[in-house]
$ cat target19.cif   # mmCIF, N, CA and C atoms
data_protein
loop_
_atom_site.label_atom_id
_atom_site.label_comp_id
_atom_site.auth_asym_id
_atom_site.auth_seq_id
_atom_site.Cartn_x
_atom_site.Cartn_y
_atom_site.Cartn_z
N MET O 1 -3.34 128.29 131.29
CA MET O 1 -3.22 129.16 132.45
C MET O 1 -3.60 128.36 133.69
N PRO O 2 -2.77 128.34 134.72
CA PRO O 2 -3.07 127.55 135.91
C PRO O 2 -4.24 128.13 136.70
N GLN O 3 -4.97 127.22 137.35
CA GLN O 3 -6.09 127.64 138.20
C GLN O 3 -5.55 128.31 139.46
N PRO O 4 -6.24 129.34 139.96
CA PRO O 4 -5.82 129.96 141.22
C PRO O 4 -5.95 128.96 142.37
N PRO O 5 -5.13 129.12 143.41
CA PRO O 5 -5.20 128.18 144.53
C PRO O 5 -6.49 128.38 145.34
N TYR O 6 -7.00 127.29 145.83
CA TYR O 6 -8.13 127.30 146.74
C TYR O 6 -8.03 126.02 147.56
N SER O 7 -8.79 125.93 148.63
CA SER O 7 -8.77 124.70 149.41
C SER O 7 -10.19 124.19 149.57
N LYS O 8 -10.29 122.88 149.81
CA LYS O 8 -11.62 122.31 150.03
C LYS O 8 -12.26 122.89 151.28
N TYR O 9 -11.44 123.31 152.25
CA TYR O 9 -11.97 123.91 153.47
C TYR O 9 -12.57 125.27 153.19
N GLN O 10 -11.98 126.00 152.26
CA GLN O 10 -12.53 127.29 151.84
C GLN O 10 -13.91 127.08 151.23
N VAL O 11 -14.05 126.06 150.40
CA VAL O 11 -15.33 125.78 149.75
C VAL O 11 -16.35 125.29 150.76
N LEU O 12 -15.95 124.44 151.70
CA LEU O 12 -16.88 123.96 152.72
C LEU O 12 -17.35 125.10 153.63
N ALA O 13 -16.45 126.00 153.99
CA ALA O 13 -16.84 127.17 154.79
C ALA O 13 -17.78 128.07 153.98
N ALA O 14 -17.51 128.20 152.69
CA ALA O 14 -18.37 129.01 151.83
C ALA O 14 -19.76 128.38 151.74
N HIS O 15 -19.82 127.08 151.65
CA HIS O 15 -21.10 126.37 151.62
C HIS O 15 -21.92 126.71 152.86
N ASP O 16 -21.29 126.64 154.02
CA ASP O 16 -21.98 126.97 155.28
C ASP O 16 -22.47 128.41 155.27
N THR O 17 -21.66 129.32 154.76
CA THR O 17 -22.04 130.73 154.68
C THR O 17 -23.25 130.91 153.77
N VAL O 18 -23.25 130.25 152.63
CA VAL O 18 -24.37 130.38 151.68
C VAL O 18 -25.64 129.78 152.28
N VAL O 19 -25.55 128.63 152.93
CA VAL O 19 -26.72 128.02 153.56
C VAL O 19 -27.31 128.96 154.61
N ARG O 20 -26.46 129.54 155.45
CA ARG O 20 -26.94 130.50 156.47
C ARG O 20 -27.60 131.70 155.81
N PHE O 21 -27.00 132.21 154.74
CA PHE O 21 -27.55 133.36 154.04
C PHE O 21 -28.95 133.04 153.50
N LEU O 22 -29.10 131.89 152.88
CA LEU O 22 -30.41 131.50 152.34
C LEU O 22 -31.44 131.40 153.46
N GLN O 23 -31.07 130.78 154.56
CA GLN O 23 -31.99 130.64 155.69
C GLN O 23 -32.33 132.00 156.29
N ASP O 24 -31.34 132.84 156.48
CA ASP O 24 -31.55 134.16 157.10
C ASP O 24 -32.46 135.05 156.27
N HIS O 25 -32.50 134.82 154.96
CA HIS O 25 -33.32 135.64 154.07
C HIS O 25 -34.60 134.95 153.63
N GLY O 26 -34.94 133.85 154.30
CA GLY O 26 -36.21 133.18 154.03
C GLY O 26 -36.28 132.49 152.68
N LEU O 27 -35.14 132.17 152.11
CA LEU O 27 -35.11 131.50 150.81
C LEU O 27 -35.08 129.98 151.03
N ASN O 28 -36.09 129.49 151.72
CA ASN O 28 -36.13 128.09 152.13
C ASN O 28 -36.38 127.13 150.97
N HIS O 29 -36.77 127.65 149.83
CA HIS O 29 -36.97 126.81 148.65
C HIS O 29 -35.66 126.52 147.92
N LEU O 30 -34.57 127.15 148.37
CA LEU O 30 -33.26 126.97 147.75
C LEU O 30 -32.34 126.17 148.66
N MET O 31 -31.45 125.42 148.04
CA MET O 31 -30.44 124.64 148.75
C MET O 31 -29.08 124.93 148.14
N ALA O 32 -28.04 124.50 148.81
CA ALA O 32 -26.68 124.71 148.30
C ALA O 32 -25.91 123.41 148.39
N ALA O 33 -25.00 123.23 147.45
CA ALA O 33 -24.14 122.06 147.42
C ALA O 33 -22.73 122.49 147.05
N ALA O 34 -21.74 121.91 147.72
CA ALA O 34 -20.34 122.15 147.40
C ALA O 34 -19.90 121.11 146.38
N ARG O 35 -19.33 121.60 145.27
CA ARG O 35 -18.85 120.71 144.20
C ARG O 35 -17.51 121.24 143.68
N GLY O 36 -16.45 120.56 144.00
CA GLY O 36 -15.13 121.02 143.57
C GLY O 36 -14.82 122.39 144.13
N ARG O 37 -14.59 123.34 143.26
CA ARG O 37 -14.29 124.71 143.70
C ARG O 37 -15.54 125.59 143.72
N HIS O 38 -16.74 124.98 143.56
CA HIS O 38 -17.99 125.74 143.46
C HIS O 38 -18.95 125.45 144.61
N VAL O 39 -19.75 126.46 144.92
CA VAL O 39 -20.93 126.29 145.77
C VAL O 39 -22.11 126.63 144.87
N VAL O 40 -22.93 125.63 144.60
CA VAL O 40 -24.06 125.78 143.68
C VAL O 40 -25.34 125.96 144.49
N VAL O 41 -26.10 127.00 144.15
CA VAL O 41 -27.41 127.22 144.74
C VAL O 41 -28.44 126.69 143.75
N TYR O 42 -29.34 125.84 144.25
CA TYR O 42 -30.31 125.21 143.37
C TYR O 42 -31.66 125.07 144.05
N SER O 43 -32.68 124.83 143.24
CA SER O 43 -34.01 124.48 143.75
C SER O 43 -34.29 123.06 143.31
N GLU O 44 -35.31 122.47 143.92
CA GLU O 44 -35.64 121.09 143.58
C GLU O 44 -37.10 121.01 143.15
N GLU O 45 -37.31 120.43 141.99
CA GLU O 45 -38.65 120.24 141.46
C GLU O 45 -39.37 119.14 142.24
N PRO O 46 -40.71 119.09 142.18
CA PRO O 46 -41.44 118.03 142.88
C PRO O 46 -41.00 116.62 142.47
N ASP O 47 -40.52 116.47 141.24
CA ASP O 47 -40.08 115.14 140.79
C ASP O 47 -38.64 114.83 141.20
N GLY O 48 -38.01 115.76 141.95
CA GLY O 48 -36.66 115.55 142.45
C GLY O 48 -35.56 116.14 141.59
N GLU O 49 -35.91 116.69 140.43
CA GLU O 49 -34.91 117.29 139.56
C GLU O 49 -34.35 118.56 140.23
N LYS O 50 -33.02 118.65 140.24
CA LYS O 50 -32.35 119.82 140.82
C LYS O 50 -32.11 120.85 139.72
N ILE O 51 -32.59 122.07 139.96
CA ILE O 51 -32.46 123.15 138.99
C ILE O 51 -31.42 124.15 139.50
N PRO O 52 -30.22 124.19 138.91
CA PRO O 52 -29.21 125.15 139.37
C PRO O 52 -29.64 126.58 139.06
N ARG O 53 -29.33 127.48 139.98
CA ARG O 53 -29.69 128.90 139.82
C ARG O 53 -28.44 129.77 139.66
N ILE O 54 -27.58 129.73 140.67
CA ILE O 54 -26.34 130.51 140.65
C ILE O 54 -25.24 129.64 141.26
N ARG O 55 -23.99 130.06 141.05
CA ARG O 55 -22.90 129.38 141.73
C ARG O 55 -21.80 130.38 142.06
N PHE O 56 -21.12 130.07 143.13
CA PHE O 56 -19.98 130.85 143.58
C PHE O 56 -18.74 130.00 143.34
N CYS O 57 -17.78 130.55 142.61
CA CYS O 57 -16.56 129.84 142.27
C CYS O 57 -15.41 130.40 143.11
N ALA O 58 -14.76 129.52 143.88
CA ALA O 58 -13.64 129.94 144.72
C ALA O 58 -12.46 130.32 143.84
N LEU O 59 -11.94 131.49 144.08
CA LEU O 59 -10.74 131.93 143.38
C LEU O 59 -9.56 131.70 144.33
N ASP O 60 -9.06 132.75 144.94
CA ASP O 60 -7.99 132.56 145.91
C ASP O 60 -8.40 133.15 147.25
N HIS O 61 -8.03 132.46 148.29
CA HIS O 61 -8.30 132.87 149.67
C HIS O 61 -9.77 133.17 149.88
N TYR O 62 -10.17 134.44 150.00
CA TYR O 62 -11.55 134.79 150.32
C TYR O 62 -12.31 135.35 149.12
N GLN O 63 -11.76 135.22 147.95
CA GLN O 63 -12.36 135.79 146.75
C GLN O 63 -13.16 134.72 145.99
N PHE O 64 -14.31 135.16 145.47
CA PHE O 64 -15.19 134.28 144.71
C PHE O 64 -15.66 135.01 143.46
N TRP O 65 -16.12 134.24 142.51
CA TRP O 65 -16.71 134.72 141.27
C TRP O 65 -18.13 134.22 141.24
N LEU O 66 -19.07 135.02 140.76
CA LEU O 66 -20.48 134.64 140.69
C LEU O 66 -20.85 134.32 139.25
N ASP O 67 -21.41 133.13 139.03
CA ASP O 67 -21.92 132.70 137.73
C ASP O 67 -23.42 132.50 137.82
N VAL O 68 -24.09 132.59 136.69
CA VAL O 68 -25.54 132.33 136.64
C VAL O 68 -25.78 131.22 135.62
N THR O 69 -26.86 130.49 135.83
CA THR O 69 -27.20 129.41 134.91
C THR O 69 -27.94 129.99 133.71
N THR O 70 -27.64 129.45 132.54
CA THR O 70 -28.35 129.87 131.33
C THR O 70 -29.25 128.76 130.83
N HIS O 71 -28.79 127.55 130.94
CA HIS O 71 -29.53 126.34 130.59
C HIS O 71 -29.05 125.29 131.58
N PRO O 72 -29.80 124.23 131.79
CA PRO O 72 -29.28 123.19 132.69
C PRO O 72 -27.90 122.73 132.25
N GLY O 73 -26.96 122.81 133.15
CA GLY O 73 -25.60 122.40 132.86
C GLY O 73 -24.73 123.45 132.20
N ARG O 74 -25.29 124.62 131.91
CA ARG O 74 -24.52 125.71 131.27
C ARG O 74 -24.45 126.90 132.22
N TRP O 75 -23.28 127.49 132.30
CA TRP O 75 -23.08 128.64 133.19
C TRP O 75 -22.54 129.82 132.40
N ALA O 76 -22.95 131.01 132.82
CA ALA O 76 -22.46 132.25 132.22
C ALA O 76 -21.82 133.09 133.31
N PRO O 77 -20.67 133.66 133.05
CA PRO O 77 -20.03 134.50 134.05
C PRO O 77 -20.78 135.83 134.21
N THR O 78 -20.63 136.41 135.36
CA THR O 78 -21.14 137.75 135.62
C THR O 78 -19.93 138.65 135.88
N PRO O 79 -20.14 139.95 135.96
CA PRO O 79 -19.01 140.82 136.29
C PRO O 79 -18.73 140.90 137.79
N TYR O 80 -19.43 140.07 138.58
CA TYR O 80 -19.33 140.16 140.04
C TYR O 80 -18.24 139.24 140.58
N GLU O 81 -17.31 139.85 141.32
CA GLU O 81 -16.22 139.13 141.96
C GLU O 81 -15.94 139.82 143.28
N GLY O 82 -15.64 139.04 144.31
CA GLY O 82 -15.33 139.64 145.60
C GLY O 82 -15.49 138.64 146.73
N GLU O 83 -15.66 139.17 147.93
CA GLU O 83 -15.84 138.32 149.10
C GLU O 83 -17.26 137.76 149.09
N LEU O 84 -17.41 136.57 149.63
CA LEU O 84 -18.67 135.84 149.55
C LEU O 84 -19.86 136.60 150.13
N PRO O 85 -19.77 137.20 151.32
CA PRO O 85 -20.95 137.92 151.83
C PRO O 85 -21.43 139.03 150.89
N GLN O 86 -20.50 139.73 150.26
CA GLN O 86 -20.88 140.77 149.30
C GLN O 86 -21.57 140.16 148.08
N LEU O 87 -21.07 139.03 147.60
CA LEU O 87 -21.67 138.39 146.43
C LEU O 87 -23.06 137.84 146.74
N CYS O 88 -23.25 137.34 147.95
CA CYS O 88 -24.59 136.89 148.35
C CYS O 88 -25.56 138.06 148.32
N ASP O 89 -25.16 139.19 148.88
CA ASP O 89 -26.01 140.39 148.86
C ASP O 89 -26.28 140.84 147.42
N THR O 90 -25.26 140.81 146.59
CA THR O 90 -25.42 141.20 145.19
C THR O 90 -26.40 140.29 144.48
N ALA O 91 -26.30 138.99 144.71
CA ALA O 91 -27.23 138.05 144.09
C ALA O 91 -28.66 138.35 144.52
N LEU O 92 -28.84 138.69 145.79
CA LEU O 92 -30.18 138.97 146.31
C LEU O 92 -30.75 140.26 145.75
N THR O 93 -29.93 141.27 145.55
CA THR O 93 -30.43 142.56 145.09
C THR O 93 -30.43 142.69 143.56
N ASP O 94 -29.34 142.29 142.91
CA ASP O 94 -29.21 142.50 141.47
C ASP O 94 -29.70 141.34 140.62
N LEU O 95 -29.77 140.15 141.20
CA LEU O 95 -30.16 138.95 140.44
C LEU O 95 -31.31 138.23 141.14
N SER O 96 -32.20 138.97 141.73
CA SER O 96 -33.24 138.39 142.57
C SER O 96 -34.15 137.43 141.81
N TRP O 97 -34.36 137.63 140.53
CA TRP O 97 -35.24 136.74 139.76
C TRP O 97 -34.67 135.33 139.71
N LEU O 98 -33.36 135.18 139.85
CA LEU O 98 -32.76 133.86 139.83
C LEU O 98 -32.98 133.12 141.14
N LEU O 99 -33.30 133.87 142.19
CA LEU O 99 -33.51 133.26 143.51
C LEU O 99 -34.98 133.13 143.86
N ALA O 100 -35.86 133.63 142.99
CA ALA O 100 -37.29 133.61 143.25
C ALA O 100 -37.85 132.19 143.20
N GLU O 101 -38.89 131.96 143.96
CA GLU O 101 -39.56 130.65 143.94
C GLU O 101 -40.47 130.58 142.73
N PHE O 102 -40.36 129.49 141.99
CA PHE O 102 -41.26 129.31 140.83
C PHE O 102 -41.68 127.87 140.73
#

$ encode --input "target19.cif" --output "structure tokens"
Amino acid sequence: MPQPPYSKYQVLAAHDTVVRFLQDHGLNHLMAAARGRHVVVYSEEPDGEKIPRIRFCALDHYQFWLDVTTHPGRWAPTPYEGELPQLCDTALTDLSWLLAEF
């Protein structure tokens, strides 16, 4: 099955949106990185290890899919799909433990 169309500019714009969202909500312990069709939200351990928390996968145009990490390097899909601002809010309200500082 072919992958839905997306552009690198869509992912870069999404990265900026996620970074602003994290800053606006005081989640300064989290960072975001654009990788392929994904924007990965992660924290960094004192030793420099990056711990992925959630990721937004670009589908088509303004639609994204939200995944959560299960183990380092492993992702599990969620039932959440939609526009990025809505998914950011959903992550903050429904998946807040994944964004908590630890």

$ residues_around --input "target19.cif" --residues "segment 26-37 of chain O" --least-positions-apart "2" --cutoff "8 Å" --atoms "only C-alpha atoms" --output "ChimeraX atom specification"
/O:6-8,11-12,15,18-19,22-24,39-44,57-58,99,101

$ atom_distance --input "target19.cif" --atom1 "atom CA of Leu84 of chain O" --atom2 "atom CA of Ile51 of chain O"
21.5 Å

$ select_by_dssp --input "target19.cif" --residues "chain O" --states "helix (DSSP H, G or I)" --output "number ranges by chain"
O: 8-24, 84-94, 96-99

$ atom_distance --input "target19.cif" --atom1 "atom CA of Trp75 of chain O" --atom2 "atom CA of Ile54 of chain O"
8.4 Å

$ closest_residue --input "target19.cif" --among "O:Pro79, O:Pro52, O:His61, O:Pro85" --to "Leu98 of chain O" --atoms "only N, CA and C atoms"
O:Pro52

$ closest_residue --input "target19.cif" --among "O:Tyr62, O:Phe21, O:Tyr80, O:Phe56" --to "Asp94 of chain O" --atoms "only C-alpha atoms"
O:Tyr80

$ closest_residue --input "target19.cif" --among "O:Leu59, O:Lys50, O:His38, O:Ser96" --to "Pro72 of chain O" --atoms "all atoms listed in the file"
O:Lys50

$ resolve_selection --input "target19.cif" --expression "the PyMOL selection byres (((chain O and resi 77 and name CA) around 9) and name CA)" --output "number ranges by chain"
O: 65-69, 75-76, 78-80

$ select_by_dssp --input "target19.cif" --residues "chain O" --states "strand (DSSP E)" --output "ChimeraX atom specification"
/O:30-35,38-44,50-58,63-71,74-83

$ atom_distance --input "target19.cif" --atom1 "atom C of Arg53 of chain O" --atom2 "atom CA of Cys88 of chain O"
11.9 Å

$ decode --input "target19.cif" --residues "segment 6-49 of chain O" --atoms "C-alpha atoms" --output "PDB file, in the first residue's frame"
ATOM      1  CA  TYR O   6       3.356  14.631   2.578  1.00  0.00           C
ATOM      2  CA  SER O   7       6.058  17.231   2.166  1.00  0.00           C
ATOM      3  CA  LYS O   8       9.174  18.035   4.139  1.00  0.00           C
ATOM      4  CA  TYR O   9       7.783  21.565   4.542  1.00  0.00           C
ATOM      5  CA  GLN O  10       4.677  20.150   6.206  1.00  0.00           C
ATOM      6  CA  VAL O  11       6.890  18.288   8.684  1.00  0.00           C
ATOM      7  CA  LEU O  12       9.114  21.324   9.325  1.00  0.00           C
ATOM      8  CA  ALA O  13       6.051  23.510   9.955  1.00  0.00           C
ATOM      9  CA  ALA O  14       4.686  20.805  12.264  1.00  0.00           C
ATOM     10  CA  HIS O  15       7.987  20.767  14.149  1.00  0.00           C
ATOM     11  CA  ASP O  16       7.711  24.517  14.745  1.00  0.00           C
ATOM     12  CA  THR O  17       4.119  24.093  15.925  1.00  0.00           C
ATOM     13  CA  VAL O  18       5.077  21.338  18.376  1.00  0.00           C
ATOM     14  CA  VAL O  19       8.030  23.338  19.750  1.00  0.00           C
ATOM     15  CA  ARG O  20       5.751  26.364  20.336  1.00  0.00           C
ATOM     16  CA  PHE O  21       3.151  24.134  21.988  1.00  0.00           C
ATOM     17  CA  LEU O  22       5.726  22.661  24.376  1.00  0.00           C
ATOM     18  CA  GLN O  23       7.039  26.115  25.279  1.00  0.00           C
ATOM     19  CA  ASP O  24       3.557  27.621  25.687  1.00  0.00           C
ATOM     20  CA  HIS O  25       2.598  24.855  28.125  1.00  0.00           C
ATOM     21  CA  GLY O  26       5.783  25.005  30.190  1.00  0.00           C
ATOM     22  CA  LEU O  27       7.041  21.617  29.031  1.00  0.00           C
ATOM     23  CA  ASN O  28      10.616  22.890  28.898  1.00  0.00           C
ATOM     24  CA  HIS O  29      12.038  19.456  29.726  1.00  0.00           C
ATOM     25  CA  LEU O  30      10.824  18.189  26.335  1.00  0.00           C
ATOM     26  CA  MET O  31      12.270  18.799  22.882  1.00  0.00           C
ATOM     27  CA  ALA O  32      11.126  17.970  19.367  1.00  0.00           C
ATOM     28  CA  ALA O  33      12.935  16.718  16.291  1.00  0.00           C
ATOM     29  CA  ALA O  34      11.766  16.307  12.699  1.00  0.00           C
ATOM     30  CA  ARG O  35      12.682  12.915  11.228  1.00  0.00           C
ATOM     31  CA  GLY O  36      11.321  11.922   7.839  1.00  0.00           C
ATOM     32  CA  ARG O  37       7.553  12.123   8.064  1.00  0.00           C
ATOM     33  CA  HIS O  38       7.608  12.313  11.899  1.00  0.00           C
ATOM     34  CA  VAL O  39       7.948  14.933  14.602  1.00  0.00           C
ATOM     35  CA  VAL O  40       9.296  13.152  17.673  1.00  0.00           C
ATOM     36  CA  VAL O  41       8.879  14.615  21.161  1.00  0.00           C
ATOM     37  CA  TYR O  42      11.614  13.457  23.512  1.00  0.00           C
ATOM     38  CA  SER O  43      13.365  14.185  26.788  1.00  0.00           C
ATOM     39  CA  GLU O  44      17.082  14.037  27.412  1.00  0.00           C
ATOM     40  CA  GLU O  45      18.730  12.205  30.276  1.00  0.00           C
ATOM     41  CA  PRO O  46      21.652  13.802  32.158  1.00  0.00           C
ATOM     42  CA  ASP O  47      24.012  11.460  30.280  1.00  0.00           C
ATOM     43  CA  GLY O  48      22.673  12.776  26.952  1.00  0.00           C
ATOM     44  CA  GLU O  49      20.462   9.806  26.087  1.00  0.00           C
TER      45      GLU O  49
END
